[in-house]
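A quick write-up on the structure given underneath.
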Amino acid sequence: MNILVTGGAGYIGSHAVRKLCETGHSVVVLDNLSYGHREAVPNNVPFYHVDLKDTDQIETILRKHHINAVMHFAALISVGESVQKPLLYYRNNTAGAMSLLEAMERVGVRRFVFSSTAATYGEPEETPILETTRQQPINPYGRSKWFVEQILQDIVTADPKFGFVVFRYFNVAGATEDGSIGENHQPETHLIPLVLFAAMGKRNNITVFGTDYPTPDGTCIRDYVHVNDLVTAHVLGIEALSDGDARFYNLGIGHGYSVREILDAAKKVTGKEIPTVFGSRREGDPARLFANSDKAQKELGWNPQHTNIEEIIASAWHWHTH
Ligand SMILES: NC(=O)c1ccc[n+]([C@@H]2O[C@H](COP(=O)([O-])OP(=O)(O)OC[C@H]3O[C@@H](n4cnc5c(N)ncnc54)[C@H](O)[C@@H]3O)[C@@H](O)[C@H]2O)c1
């Protein structure tokens, strides 16, 4: 397939580009480099420094490369920033996706894979979280993604030849085995890289927000999925798509690790002390968030390989230190 990857210079998108190339697909990358890194895209992959809102340019790219399918990773990803600047998030993530979908409509590209998020569930009524668990996002970031999910359902209703997969990611972590690409967010907000920065002395300490949650050790529990497993699901998803598909899958490993367990595992992997400060709870942080991903496993044959947290952290550590 000829696949356009938006956000292909970002963390997850750059891993998807490698996986797609390895599995014999022809890939083109679009990224505005607001947060991405040009060097994360292999030199032999056509790269366009273009913003999602440029519908005409996207149309030209789709036509030029005879694109059959789009994997849409490009988005702004900071929950905190989305609360401060909601319009920026709706413009970039929701209107940006609409612009991309409009360009696809003009050209007749009808296969779409969308990066959604566990944040669309908000503070869920049940764990493990199923795809059918009620979605009630509690911040503009989550809503900006949830709106796109709904727009996609409307498109498939209007055009039964359209087909899409929505993947709702839990916490994505880790890096490629060779250490050539990895998580490189600036600023970084995710726990595992922050813990590793503390281990490297790049930050003074790590703050644990809340030690009085109703969990065995009092800290929050989250589901961590290795980035290579995550992008493998995308390849399976895009290859499985047919007319009229409206597929939704959670991507997590089905059980969680607490913040303390992450700290202990990081200490073991790095052999370093991790200076830790214990703070109070943050608003909107549920005690436990983990996925039931049986649906992706059954329907797509997805079989995550890296379910051990030390292994996931070790691959991230290798990327940061090699
Ligand atoms: N990292 C996670 O744990 C996680 C969890 C849930 C969902 N997601 C979703 O996965 C996707 C990728 O996340 P990531 O961690 O790789 O983030 P990232 O910031 O590393 O990558 C996003 C990329 O999109 C590009 N981009 C943003 N807005 C753009 C625009 N308007 N036009 C063109 N390019 C644009 C950025 O330059 C960047 O390269 C996002 O959609 C995010 O919401 C990530």
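Every chain in the structure tokens takes a letter, A first, then B, and so on in the order presented; its residues are numbered from 1, and the ligands are numbered from 1 following the presented order.
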Within 6 Å of ligand 1, counting only C-alpha atoms and all ligand atoms: which residues, as a ChimeraX atom specification? /A:7,9-13,31-36,50-52,73-77,92,96,115-117,169-172,185
If we count only C-alpha atoms and set the cut-off at 7 Å, which residues sit around segment 221-234 of chain A, ignoring sequence neighbours fewer than 4 positions away in its own chain? Please answer as a ChimeraX atom specification. /A:12,15-16,19,170-176,238,251-259,287-291,302,304-306,312
So, counting only C-alpha atoms, which residue among A:Thr120, A:Thr6, A:Ser315, A:Asn292 is closest to Gln136 of chain A?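 Looking at the shortest contact to Gln136 of chain A, the residue is A:Thr120.
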As a ChimeraX atom specification, which residues of segment 5-188 of chain A does DSSP assign to helix (DSSP H, G or I)? /A:11-22,38-40,55-64,79-84,86-107,118-121,140-158
With a distance cut-off of 6 Å and only C-alpha atoms, select the neighbouring residues of segment 99-112 of chain A, excluding the residue or stretch itself and same-chain residues fewer than 6 positions from it, and output the selection as a list in words.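 Close residues of segment 99-112 of chain A: Lys53, Thr55, Glu59, Asn68, Ala69, Val70, Met71, Phe162, Gly163 and Phe164 of chain A.
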Please, could you write that set of residues out with N, CA and C atoms as a PDB file, in the first residue's frame?
```
ATOM      1  N   LYS A  53      -3.446  21.879   8.321  1.00  0.00           N
ATOM      2  CA  LYS A  53      -4.521  22.771   7.867  1.00  0.00           C
ATOM      3  C   LYS A  53      -4.405  23.109   6.382  1.00  0.00           C
ATOM      4  N   THR A  55      -5.031  22.032   3.309  1.00  0.00           N
ATOM      5  CA  THR A  55      -5.785  20.989   2.593  1.00  0.00           C
ATOM      6  C   THR A  55      -5.285  20.841   1.143  1.00  0.00           C
ATOM      7  N   GLU A  59      -3.765  17.514  -0.607  1.00  0.00           N
ATOM      8  CA  GLU A  59      -4.377  16.938  -1.818  1.00  0.00           C
ATOM      9  C   GLU A  59      -3.293  16.654  -2.872  1.00  0.00           C
ATOM     10  N   ASN A  68      -3.072   5.304  -0.963  1.00  0.00           N
ATOM     11  CA  ASN A  68      -4.304   4.512  -0.756  1.00  0.00           C
ATOM     12  C   ASN A  68      -4.820   4.610   0.665  1.00  0.00           C
ATOM     13  N   ALA A  69      -3.962   4.999   1.602  1.00  0.00           N
ATOM     14  CA  ALA A  69      -4.382   4.967   3.010  1.00  0.00           C
ATOM     15  C   ALA A  69      -3.582   5.998   3.800  1.00  0.00           C
ATOM     16  N   VAL A  70      -4.191   6.486   4.881  1.00  0.00           N
ATOM     17  CA  VAL A  70      -3.531   7.501   5.717  1.00  0.00           C
ATOM     18  C   VAL A  70      -3.474   6.998   7.163  1.00  0.00           C
ATOM     19  N   MET A  71      -2.300   7.150   7.771  1.00  0.00           N
ATOM     20  CA  MET A  71      -2.167   6.903   9.219  1.00  0.00           C
ATOM     21  C   MET A  71      -1.954   8.259   9.865  1.00  0.00           C
ATOM     22  N   PHE A 162     -15.853   4.078   2.628  1.00  0.00           N
ATOM     23  CA  PHE A 162     -14.813   4.537   3.542  1.00  0.00           C
ATOM     24  C   PHE A 162     -14.611   3.458   4.616  1.00  0.00           C
ATOM     25  N   GLY A 163     -13.408   3.336   5.145  1.00  0.00           N
ATOM     26  CA  GLY A 163     -13.172   2.401   6.247  1.00  0.00           C
ATOM     27  C   GLY A 163     -12.111   2.965   7.172  1.00  0.00           C
ATOM     28  N   PHE A 164     -12.334   2.872   8.482  1.00  0.00           N
ATOM     29  CA  PHE A 164     -11.336   3.427   9.413  1.00  0.00           C
ATOM     30  C   PHE A 164     -11.092   2.522  10.606  1.00  0.00           C
TER      31      PHE A 164
END
```
